[in-house]
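Colleague: Below: one structure in structure tokens.
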Amino acid sequence: MKKLVLILTGLLLATFALAGCGGDNKPAASTSSSSGSSAKTVLKVGATPVPHAEILEIVKPILAKQGIDLQVIEFSDYVQPNLALNDKELDANFFQHEPYLDNFTSEHTDVKLVSAGGIHIEPMGIYSKKIKALNELKDGASIAIPNDPTNGGRSLLLLEKAGLLKLREGAGVKATVQDITSNPKNLKFQEVEAAQVPRTLDDVDAAVINTNFAMQVNLVPTKDALFMEDNTSPYVNIVAVRAGDQDRPEIQALMKALKSDEVKNFINEKYKGAIVPAF
């Protein structure tokens, strides 16, 4: 009998020992990381390096104070961040505008992503070396615009907002020159590759140029553009999340931090008008 008691006691002690080892090796939840006795919620956000990752670095300490460990995962392309987010490898991404996201989800029907809100705009502008104001454009003036669908439609919307033409109702972000219904100044359009538009400035009366290409020739939208997009533009850069995640507390905290005065001041001071806060 004593021998049986000893055997049972030994088995019981072994069971407790195994349970203790099992507790030590239990994998941490993917949404938290431990540091001593405290735990932080991990928030993984995919971003392209400039300006998106730079902006996210500014909000890291803001979120850290709220117990959120923001981890910025950099991407060099515009496809993988959306696929990674859809596959739950990320909690959010920050690199695109909504027209791009809409087009992406229409082409990838299994991807269910939505905007959590807009942060900044890299404004497209109308530039010229020959005139100082758009009302100086003469009849038959030549205008260079990008020839790709996304930037071409964007440039036409900007020209319409500037009052230089009217587009067919409903043409929207996919507008082409064939959608122009009113052209009072009989403007002549030269469609060229977006990256080459700045090089046309010596030969045309005006050109519609993307900010990144404008910066390459030392043009600053807020200083040099005759007319530029504002924060009502549909091309505001957004934070994207999986559908239904917009109300997650950590996503709400991220959006609040990205729309803080610290971020607004950083954008204004760092990019000096080449990038404009949209909040």
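Chain labels follow the order of the structure tokens: the first chain is A, the next B, and so on; residue numbering restarts at 1 in every chain, and ligands are counted from 1 in their shown order.
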Quick check for you: according to DSSP on this backbone, which residues of stretch 70-208 of chain A are classed as alpha helix (DSSP H)? Reply as an MDAnalysis selection string.
Modeller: chainID A and resid 80:86 98:107 149:161
Colleague: Go through A:Val42, A:Ile131, A:Ile73, A:Ala240 one by one, measure the shortest atom-to-atom distance of each to A:Asp202 using only C-alpha atoms, and give the residue with the smallest value.
Modeller: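 Among the listed residues, A:Ile131 lies closest to A:Asp202.
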Colleague: Can you list, as a PyMOL selection string, every protein, DNA or RNA residue that comes within 9 Å of stretch 132-136 of chain A when you count only C-alpha atoms, leaving out same-chain residues fewer than 5 positions away?
Modeller: chain A and resi 126+162+164+206+226-227
Colleague: Since we have the selection now, will you write its residues out, keeping C-alpha atoms, as a compact mmCIF listing (two decimals), in the first residue's frame?
Modeller:
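In the end it all went to result-v7.txt:
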# COMPACT_ATOMS: atom_id res chain seq x y z
CA ILE A 126 -0.33 73.21 -62.62
CA ALA A 162 -9.29 75.35 -61.91
CA LEU A 164 -10.33 75.67 -67.47
CA ALA A 206 1.52 74.94 -68.77
CA LEU A 226 -0.37 78.26 -60.32
CA PHE A 227 -3.09 75.97 -59.02
Colleague: Find the residue from A:Val50, A:Ala92, A:Val239, A:Ala64 that sits nearest to A:Ser76; use only C-alpha atoms when measuring.
Modeller: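 Closest to A:Ser76, using only C-alpha atoms: A:Val50.
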Colleague: Name the residues in contact with stretch 107-110 of chain A at a cut-off of 12 Å, using only C-alpha atoms, excluding same-chain residues fewer than 6 positions from it; report them as a PyMOL selection string.
Modeller: chain A and resi 79+82-83+86-87+100-101+242-243
Colleague: For each of A:Lys174, A:Arg199, A:Arg154, A:Arg248, take the minimum atom-to-atom distance to A:Asn103, counting only C-alpha atoms, then give the residue where this is smallest.
Modeller: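 Closest to A:Asn103, using only C-alpha atoms: A:Lys174.
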Colleague: If we count only C-alpha atoms and set the cut-off at 7 Å, which residues sit around stretch 181-188 of chain A, ignoring sequence neighbours fewer than 5 positions away in its own chain? Please answer as a PDB file with N, CA and C atoms, in the first residue's frame.
Modeller:
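Result file result-v5.pdb:
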ATOM      1  N   LYS A 138      -3.668  81.857 -73.216  1.00  0.00           N
ATOM      2  CA  LYS A 138      -4.309  82.358 -74.437  1.00  0.00           C
ATOM      3  C   LYS A 138      -5.094  81.263 -75.128  1.00  0.00           C
ATOM      4  N   ASP A 139      -5.932  81.666 -76.058  1.00  0.00           N
ATOM      5  CA  ASP A 139      -6.710  80.706 -76.838  1.00  0.00           C
ATOM      6  C   ASP A 139      -5.751  79.759 -77.576  1.00  0.00           C
ATOM      7  N   GLY A 140      -6.024  78.448 -77.449  1.00  0.00           N
ATOM      8  CA  GLY A 140      -5.182  77.467 -78.117  1.00  0.00           C
ATOM      9  C   GLY A 140      -3.907  77.121 -77.370  1.00  0.00           C
ATOM     10  N   ALA A 141      -3.806  77.535 -76.126  1.00  0.00           N
ATOM     11  CA  ALA A 141      -2.605  77.255 -75.332  1.00  0.00           C
ATOM     12  C   ALA A 141      -2.378  75.748 -75.204  1.00  0.00           C
ATOM     13  N   SER A 142      -1.120  75.371 -75.084  1.00  0.00           N
ATOM     14  CA  SER A 142      -0.767  73.949 -74.981  1.00  0.00           C
ATOM     15  C   SER A 142      -0.557  73.558 -73.520  1.00  0.00           C
ATOM     16  N   ILE A 143      -1.129  72.395 -73.144  1.00  0.00           N
ATOM     17  CA  ILE A 143      -1.049  71.901 -71.768  1.00  0.00           C
ATOM     18  C   ILE A 143      -0.530  70.468 -71.795  1.00  0.00           C
ATOM     19  N   LEU A 164     -10.822  75.601 -66.089  1.00  0.00           N
ATOM     20  CA  LEU A 164     -10.328  75.671 -67.466  1.00  0.00           C
ATOM     21  C   LEU A 164     -11.111  74.791 -68.430  1.00  0.00           C
ATOM     22  N   LEU A 165     -11.870  73.826 -67.907  1.00  0.00           N
ATOM     23  CA  LEU A 165     -12.651  72.942 -68.772  1.00  0.00           C
ATOM     24  C   LEU A 165     -13.747  72.284 -67.951  1.00  0.00           C
ATOM     25  N   LYS A 166     -14.620  71.568 -68.647  1.00  0.00           N
ATOM     26  CA  LYS A 166     -15.645  70.772 -67.977  1.00  0.00           C
ATOM     27  C   LYS A 166     -15.595  69.360 -68.536  1.00  0.00           C
ATOM     28  N   LEU A 167     -15.823  68.398 -67.649  1.00  0.00           N
ATOM     29  CA  LEU A 167     -15.809  66.992 -68.034  1.00  0.00           C
ATOM     30  C   LEU A 167     -17.217  66.426 -68.044  1.00  0.00           C
ATOM     31  N   ARG A 168     -17.369  65.351 -68.798  1.00  0.00           N
ATOM     32  CA  ARG A 168     -18.650  64.654 -68.834  1.00  0.00           C
ATOM     33  C   ARG A 168     -19.043  64.246 -67.418  1.00  0.00           C
TER      34      ARG A 168
END
Colleague: Go through A:Phe75, A:Glu98, A:Leu159, A:Ser115 and flag the residue nearest A:Gly244, using only C-alpha atoms for the distances.
Modeller: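 Ranked by minimum distance to A:Gly244, first place goes to A:Ser115.
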Colleague: Enumerate the residues of stretch 209-278 of chain A with a DSSP assignment of strand (DSSP E or B), computed from the backbone, and present them as an mmCIF file with C-alpha atoms, in the first residue's frame.
Modeller:
data_model
loop_
_atom_site.group_PDB
_atom_site.id
_atom_site.type_symbol
_atom_site.label_atom_id
_atom_site.label_comp_id
_atom_site.auth_asym_id
_atom_site.auth_seq_id
_atom_site.Cartn_x
_atom_site.Cartn_y
_atom_site.Cartn_z
ATOM 1 C CA ILE A 209 2.833 67.620 -62.694
ATOM 2 C CA PHE A 227 -3.090 75.974 -59.018
ATOM 3 C CA MET A 228 -2.887 72.843 -56.892
ATOM 4 C CA ASN A 237 -3.197 59.303 -48.889
ATOM 5 C CA ILE A 238 -5.068 56.992 -46.546
ATOM 6 C CA VAL A 239 -4.562 54.356 -43.897
ATOM 7 C CA ALA A 240 -6.113 51.119 -45.154
ATOM 8 C CA VAL A 241 -7.422 48.305 -42.946
ATOM 9 C CA ARG A 242 -9.396 45.115 -43.383
ATOM 10 C CA VAL A 276 0.232 68.821 -47.234
ATOM 11 C CA PRO A 277 -1.735 67.608 -44.187
#
Colleague: Mind checking which residues fall within 8 Å of A:Ala253, counting only C-alpha atoms, ignoring those fewer than 4 positions away in the same chain, and posting them as a list in words?
Modeller: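 Selected residues are Leu63, Pro249 and Ala257 of chain A.
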Colleague: Considering only C-alpha atoms, can you say which of A:Glu191, A:Glu169, A:Asp77, A:Glu262 comes closest to A:Ser155?
Modeller: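 Using only C-alpha atoms, A:Ser155 sits closest to A:Glu191.
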Colleague: Could you check the closest approach to A:Gln252 for each of A:Asp91, A:Lys40, A:Ala278, A:Pro149 and tell me which residue wins, using only C-alpha atoms?
Modeller: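 Counting only C-alpha atoms, the residue closest to A:Gln252 is A:Asp91.
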Colleague: What's the 10 Å shell around A:Asp230, counting only C-alpha atoms, without same-chain residues fewer than 3 positions away, as a compact mmCIF listing (two decimals) with N, CA and C atoms, in the first residue's frame?
Modeller:
# COMPACT_ATOMS: atom_id res chain seq x y z
N HIS A 120 -2.62 62.75 -45.56
CA HIS A 120 -1.95 63.84 -46.26
C HIS A 120 -2.16 63.71 -47.77
N ILE A 121 -1.83 64.76 -48.46
CA ILE A 121 -1.90 64.74 -49.91
C ILE A 121 -0.56 65.17 -50.48
N GLU A 122 -0.15 64.49 -51.52
CA GLU A 122 1.04 64.89 -52.28
C GLU A 122 0.49 65.60 -53.51
N PRO A 123 0.21 66.89 -53.41
CA PRO A 123 -0.64 67.58 -54.38
C PRO A 123 -0.08 67.69 -55.79
N MET A 124 -0.93 67.37 -56.74
CA MET A 124 -0.62 67.61 -58.14
C MET A 124 -0.85 69.09 -58.39
N GLY A 125 -0.01 69.69 -59.20
CA GLY A 125 -0.14 71.12 -59.46
C GLY A 125 -0.01 71.47 -60.93
N LEU A 158 -8.16 68.23 -62.02
CA LEU A 158 -7.54 69.45 -61.49
C LEU A 158 -7.79 70.63 -62.42
N PHE A 227 -1.87 76.53 -59.61
CA PHE A 227 -3.09 75.97 -59.02
C PHE A 227 -2.74 74.57 -58.56
N SER A 233 -9.19 66.83 -52.25
CA SER A 233 -8.86 65.95 -53.36
C SER A 233 -9.16 64.50 -53.02
N PRO A 234 -9.66 63.72 -53.99
CA PRO A 234 -9.87 62.29 -53.73
C PRO A 234 -8.56 61.52 -53.62
N TYR A 235 -7.45 62.21 -53.90
CA TYR A 235 -6.15 61.53 -53.89
C TYR A 235 -5.40 61.70 -52.57
N VAL A 236 -6.14 61.96 -51.51
CA VAL A 236 -5.54 62.02 -50.18
C VAL A 236 -5.00 60.64 -49.82
N VAL A 276 1.15 67.95 -47.99
CA VAL A 276 0.23 68.82 -47.23
C VAL A 276 -0.69 68.00 -46.35
N PRO A 277 -0.81 68.33 -45.06
CA PRO A 277 -1.74 67.61 -44.19
C PRO A 277 -3.16 67.70 -44.73
N ALA A 278 -3.91 66.63 -44.57
CA ALA A 278 -5.29 66.62 -45.04
C ALA A 278 -6.26 66.59 -43.87
